[in-house]
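Asks: The following file, work.pdb, comprises PDB, C-alpha atoms:
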MODEL        1
ATOM      1  CA  MET P   5      62.069 131.007  88.095
ATOM      2  CA  THR P   6      61.257 133.637  90.700
ATOM      3  CA  ASP P   7      60.160 133.390  94.283
ATOM      4  CA  THR P   8      57.329 135.848  93.842
ATOM      5  CA  ASP P   9      54.781 133.074  93.321
ATOM      6  CA  TRP P  10      55.472 131.391  96.608
ATOM      7  CA  PRO P  11      53.410 132.463  99.612
ATOM      8  CA  LEU P  12      54.977 133.875 102.734
ATOM      9  CA  TRP P  13      55.049 131.814 105.936
ATOM     10  CA  GLU P  14      55.674 132.928 109.490
ATOM     11  CA  VAL P  15      57.897 130.676 111.556
ATOM     12  CA  PHE P  16      57.505 129.997 115.275
ATOM     13  CA  VAL P  17      60.115 128.025 117.169
ATOM     14  CA  ARG P  18      59.893 126.428 120.602
ATOM     15  CA  SER P  19      63.421 126.646 121.883
ATOM     16  CA  ARG P  20      62.959 124.281 124.826
ATOM     17  CA  ARG P  21      60.276 122.164 126.385
ATOM     18  CA  GLY P  22      58.292 124.336 128.743
ATOM     19  CA  LEU P  23      58.681 127.474 126.680
ATOM     20  CA  SER P  24      56.162 128.813 124.197
ATOM     21  CA  HIS P  25      56.737 128.959 120.501
ATOM     22  CA  THR P  26      58.105 132.381 119.653
ATOM     23  CA  HIS P  27      58.256 134.125 116.324
ATOM     24  CA  ALA P  28      61.585 133.481 114.631
ATOM     25  CA  GLY P  29      61.088 135.017 111.206
ATOM     26  CA  SER P  30      59.453 134.397 107.882
ATOM     27  CA  LEU P  31      60.214 132.621 104.632
ATOM     28  CA  HIS P  32      58.812 131.704 101.249
ATOM     29  CA  ALA P  33      57.732 128.175 100.380
ATOM     30  CA  PRO P  34      55.343 126.552  97.891
ATOM     31  CA  ASP P  35      53.487 124.539 100.558
ATOM     32  CA  ALA P  36      53.377 123.776 104.260
ATOM     33  CA  GLU P  37      55.654 120.727 104.193
ATOM     34  CA  LEU P  38      58.426 122.568 102.412
ATOM     35  CA  ALA P  39      57.869 125.610 104.610
ATOM     36  CA  LEU P  40      58.587 123.388 107.602
ATOM     37  CA  ARG P  41      61.760 122.096 105.993
ATOM     38  CA  ASN P  42      62.902 125.562 104.979
ATOM     39  CA  ALA P  43      62.251 126.711 108.531
ATOM     40  CA  ARG P  44      64.443 123.926 109.816
ATOM     41  CA  ASP P  45      67.221 124.984 107.455
ATOM     42  CA  LEU P  46      66.922 128.669 108.234
ATOM     43  CA  TYR P  47      66.147 128.767 111.942
ATOM     44  CA  THR P  48      67.004 125.570 113.804
ATOM     45  CA  ARG P  49      70.276 124.349 112.405
ATOM     46  CA  ARG P  50      72.248 125.206 115.523
ATOM     47  CA  GLY P  51      70.091 123.497 118.077
ATOM     48  CA  GLU P  52      67.796 126.465 118.541
ATOM     49  CA  GLY P  53      64.613 124.499 118.835
ATOM     50  CA  VAL P  54      62.672 121.377 119.620
ATOM     51  CA  SER P  55      59.506 122.223 117.696
ATOM     52  CA  ILE P  56      58.536 124.404 114.755
ATOM     53  CA  TRP P  57      55.220 125.879 113.644
ATOM     54  CA  VAL P  58      54.744 127.431 110.237
ATOM     55  CA  VAL P  59      51.702 129.572 109.580
ATOM     56  CA  PRO P  60      50.657 131.161 106.291
ATOM     57  CA  ALA P  61      51.338 134.856 106.776
ATOM     58  CA  ALA P  62      47.995 135.562 105.082
ATOM     59  CA  ALA P  63      46.213 133.718 107.904
ATOM     60  CA  ILE P  64      47.435 136.132 110.537
ATOM     61  CA  THR P  65      45.171 139.002 111.488
ATOM     62  CA  ALA P  66      47.242 141.790 112.984
ATOM     63  CA  SER P  67      46.300 144.851 114.962
ATOM     64  CA  SER P  68      46.653 148.060 113.058
ATOM     65  CA  PRO P  69      49.134 150.766 114.076
ATOM     66  CA  ASP P  70      46.210 153.248 113.809
ATOM     67  CA  GLU P  71      44.471 151.481 116.671
ATOM     68  CA  LYS P  72      47.491 151.681 118.920
ATOM     69  CA  ASP P  73      45.940 153.903 121.554
ATOM     70  CA  PRO P  74      42.591 152.209 122.043
ATOM     71  CA  PHE P  75      44.304 148.833 122.034
ATOM     72  CA  PHE P  76      47.310 149.379 124.218
ATOM     73  CA  ALA P  77      47.418 152.738 125.974
ATOM     74  CA  PRO P  78      44.864 152.213 128.798
ATOM     75  CA  ALA P  79      46.831 149.419 130.381
ATOM     76  CA  ALA P  80      49.826 151.535 131.250
ATOM     77  CA  ASP P  81      48.190 153.672 133.944
ATOM     78  CA  LYS P  82      46.660 150.775 135.875
ATOM     79  CA  PRO P  83      49.627 149.177 137.614
ATOM     80  CA  TYR P  84      47.414 146.713 139.498
ATOM     81  CA  ARG P  85      46.845 144.973 136.206
ATOM     82  CA  HIS P  86      50.479 144.037 136.011
ATOM     83  CA  PRO P  87      51.732 140.942 137.786
ATOM     84  CA  THR P  88      54.555 142.857 139.424
ATOM     85  CA  PHE P  89      53.404 142.266 143.010
ATOM     86  CA  TYR P  90      53.953 138.551 142.983
ATOM     87  CA  GLU P  91      57.125 136.880 144.005
ATOM     88  CA  ILE P  92      58.186 134.181 141.618
ATOM     89  CA  PRO P  93      58.853 130.971 143.475
ATOM     90  CA  GLU P  94      62.379 129.711 143.299
ATOM     91  CA  GLY P  95      62.913 127.029 140.756
ATOM     92  CA  VAL P  96      60.312 128.373 138.345
ATOM     93  CA  LYS P  97      62.367 129.512 135.446
ATOM     94  CA  HIS P  98      59.670 130.227 132.907
ATOM     95  CA  LEU P  99      56.442 131.772 134.092
TER      96      LEU P  99
ATOM     97  CA  MET W  10      94.134 106.270 113.983
ATOM     98  CA  THR W  11      94.740 102.566 114.196
ATOM     99  CA  ALA W  12      96.352 100.575 111.442
ATOM    100  CA  THR W  13      93.134  98.646 110.961
ATOM    101  CA  VAL W  14      91.375 101.554 109.263
ATOM    102  CA  PRO W  15      90.525 100.466 105.728
ATOM    103  CA  THR W  16      92.088 103.336 103.806
ATOM    104  CA  THR W  17      90.503 102.432 100.487
ATOM    105  CA  ALA W  18      87.019 102.597 101.930
ATOM    106  CA  ALA W  19      87.723 105.798 103.876
ATOM    107  CA  LEU W  20      88.953 107.439 100.672
ATOM    108  CA  ALA W  21      85.998 106.206  98.637
ATOM    109  CA  LEU W  22      83.358 107.440 101.079
ATOM    110  CA  GLY W  23      85.308 110.580 101.933
ATOM    111  CA  ASP W  24      85.759 111.535  98.292
ATOM    112  CA  ASP W  25      82.056 110.966  97.593
ATOM    113  CA  ALA W  26      81.173 113.386 100.372
ATOM    114  CA  LEU W  27      83.864 115.925  99.470
ATOM    115  CA  VAL W  28      83.093 116.078  95.770
ATOM    116  CA  LEU W  29      79.324 116.232  96.175
ATOM    117  CA  SER W  30      79.788 118.887  98.848
ATOM    118  CA  HIS W  31      81.762 121.006  96.415
ATOM    119  CA  ARG W  32      79.203 120.560  93.666
ATOM    120  CA  LEU W  33      76.376 121.618  95.985
ATOM    121  CA  GLY W  34      78.456 124.562  97.160
ATOM    122  CA  GLU W  35      78.531 125.785  93.572
ATOM    123  CA  TRP W  36      74.841 126.654  93.964
ATOM    124  CA  ALA W  37      75.694 129.390  96.467
ATOM    125  CA  GLY W  38      74.658 132.630  94.832
ATOM    126  CA  HIS W  39      72.866 130.804  92.008
ATOM    127  CA  ALA W  40      70.027 128.810  93.558
ATOM    128  CA  PRO W  41      66.477 129.426  92.306
ATOM    129  CA  VAL W  42      65.344 130.842  95.659
ATOM    130  CA  LEU W  43      67.091 131.963  98.811
ATOM    131  CA  GLU W  44      65.508 129.289 100.997
ATOM    132  CA  GLU W  45      66.700 126.550  98.681
ATOM    133  CA  GLU W  46      70.174 128.008  98.516
ATOM    134  CA  VAL W  47      70.440 127.707 102.284
ATOM    135  CA  ALA W  48      69.090 124.155 102.151
ATOM    136  CA  LEU W  49      71.641 123.078  99.543
ATOM    137  CA  ALA W  50      74.462 124.804 101.415
ATOM    138  CA  ASN W  51      73.414 123.037 104.634
ATOM    139  CA  ILE W  52      73.541 119.695 102.884
ATOM    140  CA  ALA W  53      76.933 120.613 101.445
ATOM    141  CA  LEU W  54      78.236 121.440 104.923
ATOM    142  CA  ASP W  55      76.952 118.151 106.352
ATOM    143  CA  LEU W  56      78.802 116.328 103.587
ATOM    144  CA  LEU W  57      81.941 118.381 104.137
ATOM    145  CA  GLY W  58      81.909 117.386 107.794
ATOM    146  CA  GLN W  59      81.656 113.730 106.816
ATOM    147  CA  ALA W  60      84.441 114.183 104.268
ATOM    148  CA  ARG W  61      86.764 115.713 106.850
ATOM    149  CA  ALA W  62      86.235 112.857 109.282
ATOM    150  CA  LEU W  63      86.638 110.190 106.600
ATOM    151  CA  LEU W  64      89.689 111.691 104.918
ATOM    152  CA  SER W  65      91.334 112.203 108.306
ATOM    153  CA  MET W  66      91.042 108.455 108.806
ATOM    154  CA  ALA W  67      93.013 107.968 105.590
ATOM    155  CA  GLY W  68      95.678 110.643 106.079
ATOM    156  CA  ASP W  69      95.999 114.426 106.196
ATOM    157  CA  GLU W  70      92.645 115.865 105.143
ATOM    158  CA  ASP W  71      94.023 118.998 103.448
ATOM    159  CA  GLU W  72      96.687 117.113 101.579
ATOM    160  CA  LEU W  73      94.158 114.571 100.368
ATOM    161  CA  ALA W  74      91.577 117.144  99.340
ATOM    162  CA  TYR W  75      93.804 119.745  97.764
ATOM    163  CA  LEU W  76      96.959 118.065  96.556
ATOM    164  CA  ARG W  77      95.829 114.867  94.907
ATOM    165  CA  GLU W  78      95.573 114.582  91.147
ATOM    166  CA  GLU W  79      92.343 113.600  89.440
ATOM    167  CA  ARG W  80      93.334 109.959  89.031
ATOM    168  CA  ALA W  81      93.902 109.595  92.784
ATOM    169  CA  PHE W  82      90.302 110.460  93.665
ATOM    170  CA  ARG W  83      88.070 107.500  94.444
ATOM    171  CA  ASN W  84      84.616 109.092  94.338
ATOM    172  CA  LEU W  85      81.699 107.773  92.315
ATOM    173  CA  GLN W  86      81.252 109.354  88.926
ATOM    174  CA  LEU W  87      77.694 110.216  89.940
ATOM    175  CA  VAL W  88      78.709 112.815  92.517
ATOM    176  CA  GLU W  89      81.108 114.643  90.194
ATOM    177  CA  GLN W  90      78.439 115.249  87.546
ATOM    178  CA  PRO W  91      77.833 118.978  87.013
ATOM    179  CA  ASN W  92      74.839 120.575  88.707
ATOM    180  CA  GLY W  93      72.930 121.182  85.482
ATOM    181  CA  ASP W  94      69.524 122.661  86.180
ATOM    182  CA  PHE W  95      67.782 122.340  89.535
ATOM    183  CA  ALA W  96      66.052 119.121  88.467
ATOM    184  CA  HIS W  97      69.417 117.611  87.596
ATOM    185  CA  THR W  98      70.788 118.480  91.019
ATOM    186  CA  ILE W  99      67.728 117.051  92.750
ATOM    187  CA  VAL W 100      67.901 113.755  90.869
ATOM    188  CA  ARG W 101      71.608 113.460  91.655
ATOM    189  CA  GLN W 102      70.698 114.085  95.307
ATOM    190  CA  LEU W 103      67.945 111.486  95.172
ATOM    191  CA  TYR W 104      70.098 108.788  93.619
ATOM    192  CA  PHE W 105      73.013 109.438  95.941
ATOM    193  CA  SER W 106      71.274 110.165  99.235
ATOM    194  CA  VAL W 107      69.092 107.044  99.099
ATOM    195  CA  HIS W 108      72.255 105.021  98.535
ATOM    196  CA  GLN W 109      74.164 106.850 101.262
ATOM    197  CA  HIS W 110      71.284 106.441 103.699
ATOM    198  CA  LEU W 111      71.134 102.680 103.127
ATOM    199  CA  LEU W 112      74.910 102.407 103.403
ATOM    200  CA  TYR W 113      75.291 104.451 106.581
ATOM    201  CA  THR W 114      72.344 102.718 108.202
ATOM    202  CA  GLU W 115      74.085  99.410 107.646
ATOM    203  CA  LEU W 116      77.481 100.729 108.767
ATOM    204  CA  ALA W 117      75.982 102.310 111.879
ATOM    205  CA  ALA W 118      74.433  98.990 112.883
ATOM    206  CA  GLY W 119      77.771  97.185 112.652
ATOM    207  CA  ASP W 120      80.852  97.494 114.825
ATOM    208  CA  GLY W 121      83.416  98.369 112.150
ATOM    209  CA  PRO W 122      85.687 101.434 112.113
ATOM    210  CA  PHE W 123      82.999 103.507 110.344
ATOM    211  CA  ALA W 124      80.214 102.782 112.830
ATOM    212  CA  PRO W 125      80.644 105.897 115.031
ATOM    213  CA  LEU W 126      80.814 108.227 112.038
ATOM    214  CA  ALA W 127      77.907 106.517 110.317
ATOM    215  CA  ALA W 128      75.765 106.722 113.451
ATOM    216  CA  LYS W 129      76.109 110.507 113.424
ATOM    217  CA  ALA W 130      75.934 110.947 109.661
ATOM    218  CA  VAL W 131      72.884 108.767 109.147
ATOM    219  CA  LYS W 132      70.675 111.441 110.729
ATOM    220  CA  GLU W 133      72.063 114.079 108.382
ATOM    221  CA  VAL W 134      71.690 111.825 105.390
ATOM    222  CA  ALA W 135      68.094 110.978 106.303
ATOM    223  CA  TYR W 136      67.371 114.669 105.954
ATOM    224  CA  HIS W 137      69.194 114.900 102.604
ATOM    225  CA  ARG W 138      67.103 112.003 101.373
ATOM    226  CA  ASP W 139      63.891 113.590 102.574
ATOM    227  CA  HIS W 140      64.831 116.867 100.890
ATOM    228  CA  ALA W 141      65.479 115.111  97.580
ATOM    229  CA  GLU W 142      62.293 113.050  97.789
ATOM    230  CA  GLN W 143      60.126 116.046  98.605
ATOM    231  CA  TRP W 144      61.471 117.931  95.617
ATOM    232  CA  THR W 145      61.247 114.931  93.306
ATOM    233  CA  LEU W 146      57.554 114.594  94.124
ATOM    234  CA  ARG W 147      56.885 118.266  93.531
ATOM    235  CA  LEU W 148      58.913 118.680  90.361
ATOM    236  CA  GLY W 149      57.910 115.350  88.811
ATOM    237  CA  ASP W 150      54.245 115.914  89.537
ATOM    238  CA  GLY W 151      54.465 119.664  88.982
ATOM    239  CA  THR W 152      54.234 121.505  85.699
ATOM    240  CA  GLU W 153      54.880 120.145  82.241
ATOM    241  CA  VAL W 154      58.246 121.903  82.201
ATOM    242  CA  SER W 155      59.361 120.551  85.584
ATOM    243  CA  HIS W 156      58.174 117.054  84.649
ATOM    244  CA  ASP W 157      60.184 117.138  81.405
ATOM    245  CA  ARG W 158      63.281 118.402  83.144
ATOM    246  CA  MET W 159      63.027 115.710  85.799
ATOM    247  CA  THR W 160      62.584 113.029  83.149
ATOM    248  CA  ARG W 161      65.675 114.245  81.348
ATOM    249  CA  ALA W 162      67.698 114.298  84.572
ATOM    250  CA  CYS W 163      66.522 110.827  85.667
ATOM    251  CA  ASP W 164      67.567 109.364  82.331
ATOM    252  CA  ALA W 165      70.870 111.216  82.088
ATOM    253  CA  LEU W 166      72.113 110.177  85.528
ATOM    254  CA  TRP W 167      70.759 106.617  85.490
ATOM    255  CA  ARG W 168      73.897 105.138  83.946
ATOM    256  CA  PHE W 169      75.977 106.350  86.892
ATOM    257  CA  THR W 170      73.910 104.491  89.497
ATOM    258  CA  GLY W 171      75.267 100.945  89.078
ATOM    259  CA  GLU W 172      78.660 101.934  90.405
ATOM    260  CA  MET W 173      77.263 102.656  93.855
ATOM    261  CA  PHE W 174      76.813  98.984  94.620
ATOM    262  CA  GLN W 175      80.177  97.658  93.493
ATOM    263  CA  PRO W 176      82.183  96.180  96.343
ATOM    264  CA  VAL W 177      84.684  98.473  98.071
ATOM    265  CA  ALA W 178      87.665  96.934  99.834
ATOM    266  CA  GLY W 179      87.203  97.316 103.578
ATOM    267  CA  LEU W 180      83.450  97.828 103.432
ATOM    268  CA  ASP W 181      81.700  94.743 104.659
ATOM    269  CA  THR W 182      78.313  95.553 103.194
ATOM    270  CA  ASP W 183      75.799  93.551 101.232
ATOM    271  CA  GLY W 184      75.862  95.300  97.840
ATOM    272  CA  ALA W 185      73.168  93.158  96.245
ATOM    273  CA  ALA W 186      70.685  93.656  99.078
ATOM    274  CA  MET W 187      71.435  97.368  99.110
ATOM    275  CA  GLU W 188      70.909  97.620  95.387
ATOM    276  CA  ALA W 189      67.535  95.896  95.647
ATOM    277  CA  ALA W 190      66.497  98.238  98.441
ATOM    278  CA  TRP W 191      67.723 101.231  96.455
ATOM    279  CA  LEU W 192      65.808 100.228  93.331
ATOM    280  CA  GLU W 193      62.669  99.754  95.360
ATOM    281  CA  SER W 194      62.942 103.088  97.183
ATOM    282  CA  VAL W 195      63.932 105.176  94.191
ATOM    283  CA  GLY W 196      61.382 103.429  91.980
ATOM    284  CA  ASP W 197      58.665 104.134  94.520
ATOM    285  CA  VAL W 198      59.515 107.846  94.724
ATOM    286  CA  LEU W 199      59.740 108.206  90.948
ATOM    287  CA  ARG W 200      56.396 106.479  90.427
ATOM    288  CA  ARG W 201      54.713 108.638  93.054
ATOM    289  CA  ALA W 202      56.203 111.652  91.264
ATOM    290  CA  THR W 203      54.546 110.406  88.031
ATOM    291  CA  LEU W 204      58.003 109.801  86.554
ATOM    292  CA  THR W 205      59.097 106.719  84.657
ATOM    293  CA  VAL W 206      61.854 104.600  86.115
ATOM    294  CA  PRO W 207      64.604 104.686  83.456
ATOM    295  CA  GLU W 208      65.323 101.438  81.657
ATOM    296  CA  GLY W 209      68.853 102.027  80.414
ATOM    297  CA  PRO W 210      71.896 100.143  81.681
ATOM    298  CA  ARG W 211      73.197 100.912  85.156
ATOM    299  CA  GLY W 212      76.450  99.022  84.773
ATOM    300  CA  GLY W 213      78.444  97.002  82.283
ATOM    301  CA  ALA W 214      80.443  97.856  79.212
ATOM    302  CA  TRP W 215      78.465 100.812  77.989
ATOM    303  CA  SER W 216      77.829 102.569  81.196
ATOM    304  CA  ALA W 217      79.984 104.653  83.455
ATOM    305  CA  GLY W 218      81.431 103.173  86.577
ATOM    306  CA  ALA W 219      85.111 103.492  87.266
ATOM    307  CA  GLY W 220      85.308 106.422  89.643
ATOM    308  CA  ARG W 221      86.366 104.037  92.388
ATOM    309  CA  GLN W 222      89.324 103.054  90.213
ATOM    310  CA  GLY W 223      90.313 106.686  89.615
ATOM    311  CA  LEU W 224      88.729 107.087  86.197
ATOM    312  CA  HIS W 225      86.596 110.201  86.077
ATOM    313  CA  THR W 226      84.410 112.065  83.639
ATOM    314  CA  GLU W 227      85.595 115.148  81.826
ATOM    315  CA  PRO W 228      83.928 117.831  83.981
ATOM    316  CA  PHE W 229      85.654 116.516  87.117
ATOM    317  CA  GLY W 230      89.060 117.897  86.136
ATOM    318  CA  ARG W 231      87.704 121.413  85.897
ATOM    319  CA  MET W 232      85.901 121.061  89.191
ATOM    320  CA  LEU W 233      89.112 119.944  90.878
ATOM    321  CA  ALA W 234      91.075 122.814  89.352
ATOM    322  CA  GLU W 235      88.641 125.262  90.886
ATOM    323  CA  MET W 236      88.524 123.462  94.207
ATOM    324  CA  GLN W 237      92.274 123.155  94.556
ATOM    325  CA  HIS W 238      93.698 126.294  93.010
ATOM    326  CA  LEU W 239      93.604 128.451  96.127
ATOM    327  CA  HIS W 240      95.393 125.905  98.264
ATOM    328  CA  ARG W 241      97.932 125.237  95.541
ATOM    329  CA  SER W 242      98.548 128.972  95.047
ATOM    330  CA  HIS W 243      99.100 129.532  98.761
ATOM    331  CA  PRO W 244     100.536 126.320 100.181
ATOM    332  CA  GLY W 245     100.150 126.032 103.922
ATOM    333  CA  ALA W 246      98.046 129.185 104.251
ATOM    334  CA  SER W 247      95.649 129.303 107.168
ATOM    335  CA  TRP W 248      92.986 131.655 108.526
TER     336      TRP W 248
ENDMDL
END
Would you mind giving the structure from this file in structure tokens?

Replies:
Amino acid sequence: MTDTDWPLWEVFVRSRRGLSHTHAGSLHAPDAELALRNARDLYTRRGEGVSIWVVPAAAITASSPDEKDPFFAPAADKPYRHPTFYEIPEGVKHL
Amino acid sequence: MTATVPTTAALALGDDALVLSHRLGEWAGHAPVLEEEVALANIALDLLGQARALLSMAGDEDELAYLREERAFRNLQLVEQPNGDFAHTIVRQLYFSVHQHLLYTELAAGDGPFAPLAAKAVKEVAYHRDHAEQWTLRLGDGTEVSHDRMTRACDALWRFTGEMFQPVAGLDTDGAAMEAAWLESVGDVLRRATLTVPEGPRGGAWSAGAGRQGLHTEPFGRMLAEMQHLHRSHPGASW
């Protein structure tokens, strides 16, 4: 038996209420239910999360490294686009 | 620990957890896929934690785990059965974890000496049970090969299942009700997995069932030798 037949899944974990799900890693699993269980075993055994998403890696459309400049470069020279001029109110931990 | 701790029961439940933990640990480095290896190791570690707590109620955990002879162990014969193929391991998990889940649920609801431990362990065991059920469904209702292997494993381990419901001194549980619930749950999973519920004996003269009295099957001695040899070679060693 090999694992080459099993599709790849990307795992997203919400570490606390109020935070977004963030990418934790990937794993192989035969279907979504087992992917969720494998994700629990691999990524949330030490209290790292309160919610897990698994997504078939094939379902993710990613930007290409070749398109780096048109996609990302223009933003850097327009500082007014960045939310750096706001003061974060006290007590807001995750904005 | 107070003098009211039922040592016999603590040993029985502790040995179940310890021995099955060791068997599952044997998959490390050998599991079919990496993800499953981690899953089995996690289950093994849950069981090891339970074993440590239970054996500590009965005496010194290291002494009990590493320095007892085969005849002094009180675990079920089911948990000492070799891993076999993956199907064999999954069926052993199914048979045992459904039983353990029913048992710990009942213990957690009571106010006996095992209630605090059971309340914590029942969540772990619920996951073990889910893991076994998920795999039973997929392997039973999978390919022809996986179906055959599951059938073989279900039949081979069936004769070790009656012992789980024999009374244990110090455990105030309803064995008959638990057995009925077990048969219903396991039967339901097997049927949904397109497997046949075995018809062979689960107790009585021809079947196994004396692990609680210290009588074990042949592979258990070798397992113990491997489990204990390091401690016996280096008595009192620590990290």

Asks: Expanded to explicit residues, what is the PyMOL selection byres ((chain W and resi 149-160) around 10) for this file, as a list of chain:residue names?

Replies: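 Answer for the PyMOL selection byres ((chain W and resi 149-160) around 10): W:Asp94, W:Phe95, W:Ala96, W:His97, W:Thr98, W:Ile99, W:Val100, W:Trp144, W:Thr145, W:Leu146, W:Arg147, W:Leu148, W:Arg161, W:Ala162, W:Cys163, W:Asp164, W:Ala165, W:Val198, W:Leu199, W:Arg200, W:Arg201, W:Ala202, W:Thr203, W:Leu204, W:Thr205, W:Val206, W:Pro207.
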
Asks: Hey, what's within 7 Å of Ser30 (chain P) if we count all atoms listed in the file and toss same-chain stuff fewer than 2 positions away? As an NGL selection string, please?

Replies: :P and (12-15)

Asks: Check every residue of chain W for an atom within 7 Å of chain P, counting all atoms listed in the file, and provide those that qualify as a JSON list (two decimals) with C-alpha atoms, keeping the file's coordinate frame.

Replies:
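What ended up in part_13.json:
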[["chain", "number", "residue", "atom", "x", "y", "z"],
["W", 41, "PRO", "CA", 66.48, 129.43, 92.31],
["W", 42, "VAL", "CA", 65.34, 130.84, 95.66],
["W", 44, "GLU", "CA", 65.51, 129.29, 101.00],
["W", 47, "VAL", "CA", 70.44, 127.71, 102.28],
["W", 48, "ALA", "CA", 69.09, 124.16, 102.15]]

Asks: Could you list, as a PDB file with C-alpha atoms, keeping the file's coordinate frame, every residue within 12 Å of Glu133 (chain W), counting only C-alpha atoms and ignoring same-chain residues fewer than 5 positions away?

Replies:
ATOM      1  CA  ASP P  45      67.221 124.984 107.455  1.00  0.00           C
ATOM      2  CA  ARG P  49      70.276 124.349 112.405  1.00  0.00           C
TER       3      ARG P  49
ATOM      4  CA  ASN W  51      73.414 123.037 104.634  1.00  0.00           C
ATOM      5  CA  ILE W  52      73.541 119.695 102.884  1.00  0.00           C
ATOM      6  CA  ALA W  53      76.933 120.613 101.445  1.00  0.00           C
ATOM      7  CA  LEU W  54      78.236 121.440 104.923  1.00  0.00           C
ATOM      8  CA  ASP W  55      76.952 118.151 106.352  1.00  0.00           C
ATOM      9  CA  LEU W  56      78.802 116.328 103.587  1.00  0.00           C
ATOM     10  CA  LEU W  57      81.941 118.381 104.137  1.00  0.00           C
ATOM     11  CA  GLY W  58      81.909 117.386 107.794  1.00  0.00           C
ATOM     12  CA  GLN W  59      81.656 113.730 106.816  1.00  0.00           C
ATOM     13  CA  SER W 106      71.274 110.165  99.235  1.00  0.00           C
ATOM     14  CA  GLN W 109      74.164 106.850 101.262  1.00  0.00           C
ATOM     15  CA  HIS W 110      71.284 106.441 103.699  1.00  0.00           C
ATOM     16  CA  TYR W 113      75.291 104.451 106.581  1.00  0.00           C
ATOM     17  CA  THR W 114      72.344 102.718 108.202  1.00  0.00           C
ATOM     18  CA  LEU W 126      80.814 108.227 112.038  1.00  0.00           C
ATOM     19  CA  ALA W 127      77.907 106.517 110.317  1.00  0.00           C
ATOM     20  CA  ALA W 128      75.765 106.722 113.451  1.00  0.00           C
ATOM     21  CA  ARG W 138      67.103 112.003 101.373  1.00  0.00           C
ATOM     22  CA  ASP W 139      63.891 113.590 102.574  1.00  0.00           C
ATOM     23  CA  HIS W 140      64.831 116.867 100.890  1.00  0.00           C
TER      24      HIS W 140
END

Asks: To one decimal in Å, tell me the separation between CA of Glu71 (chain P) and CA of Gly29 (chain P).

Replies: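 Pair CA of Glu71 (chain P) / CA of Gly29 (chain P) returns 24.0 Å.
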
Asks: Considering only C-alpha atoms, state which residue in the set W:Ala246, W:Ala26, W:Met66, W:Leu111 is at the smallest distance from Ser194 (chain W).

Replies: W:Leu111

Asks: Could you state the separation of CA of Phe174 (chain W) and CA of Pro122 (chain W) in Å, given to one decimal place?

Replies: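 CA of Pro122 (chain W) lies 19.8 Å from CA of Phe174 (chain W).
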
Asks: Since I can't run it myself right now, could you work out what the PyMOL selection byres ((chain W and resi 232) around 12) selects here and report it as a PyMOL selection string?

Replies: chain W and resi 27-35+75+78-79+88-92+225-231+233-238

Asks: Find the spatial neighbours of Gly51 (chain P), counting only C-alpha atoms, within a cut-off of 12 Å - ignore same-chain residues fewer than 3 positions away - and output them as a PyMOL selection string.

Replies: chain P and resi 17-20+44-48+54-55

Asks: Written as a ChimeraX atom specification, which residues does the PyMOL selection byres ((chain W and resi 121) around 12) give for the file shown?

Replies: /W:13-15,18-19,113,115-120,122-128,179-182

Asks: Selected residues, C-alpha atoms, written as a PDB file, in the frame of the given file, please.

Replies:
ATOM      1  CA  THR W  13      93.134  98.646 110.961  1.00  0.00           C
ATOM      2  CA  VAL W  14      91.375 101.554 109.263  1.00  0.00           C
ATOM      3  CA  PRO W  15      90.525 100.466 105.728  1.00  0.00           C
ATOM      4  CA  ALA W  18      87.019 102.597 101.930  1.00  0.00           C
ATOM      5  CA  ALA W  19      87.723 105.798 103.876  1.00  0.00           C
ATOM      6  CA  TYR W 113      75.291 104.451 106.581  1.00  0.00           C
ATOM      7  CA  GLU W 115      74.085  99.410 107.646  1.00  0.00           C
ATOM      8  CA  LEU W 116      77.481 100.729 108.767  1.00  0.00           C
ATOM      9  CA  ALA W 117      75.982 102.310 111.879  1.00  0.00           C
ATOM     10  CA  ALA W 118      74.433  98.990 112.883  1.00  0.00           C
ATOM     11  CA  GLY W 119      77.771  97.185 112.652  1.00  0.00           C
ATOM     12  CA  ASP W 120      80.852  97.494 114.825  1.00  0.00           C
ATOM     13  CA  PRO W 122      85.687 101.434 112.113  1.00  0.00           C
ATOM     14  CA  PHE W 123      82.999 103.507 110.344  1.00  0.00           C
ATOM     15  CA  ALA W 124      80.214 102.782 112.830  1.00  0.00           C
ATOM     16  CA  PRO W 125      80.644 105.897 115.031  1.00  0.00           C
ATOM     17  CA  LEU W 126      80.814 108.227 112.038  1.00  0.00           C
ATOM     18  CA  ALA W 127      77.907 106.517 110.317  1.00  0.00           C
ATOM     19  CA  ALA W 128      75.765 106.722 113.451  1.00  0.00           C
ATOM     20  CA  GLY W 179      87.203  97.316 103.578  1.00  0.00           C
ATOM     21  CA  LEU W 180      83.450  97.828 103.432  1.00  0.00           C
ATOM     22  CA  ASP W 181      81.700  94.743 104.659  1.00  0.00           C
ATOM     23  CA  THR W 182      78.313  95.553 103.194  1.00  0.00           C
TER      24      THR W 182
END

Asks: What's the separation between CA of Pro11 (chain P) and CA of Val59 (chain P), in Å to one decimal place?

Replies: 10.5 Å

Asks: Which residue is closest to Val107 (chain W)? Choose from W:Leu22, W:Leu49, W:Ala178, W:Val195 and count only C-alpha atoms.

Replies: W:Val195

Asks: Considering all atoms listed in the file, can you say which of P:Lys72, P:His27, P:His86, P:Lys97 comes closest to Ile56 (chain P)?

Replies: P:His27
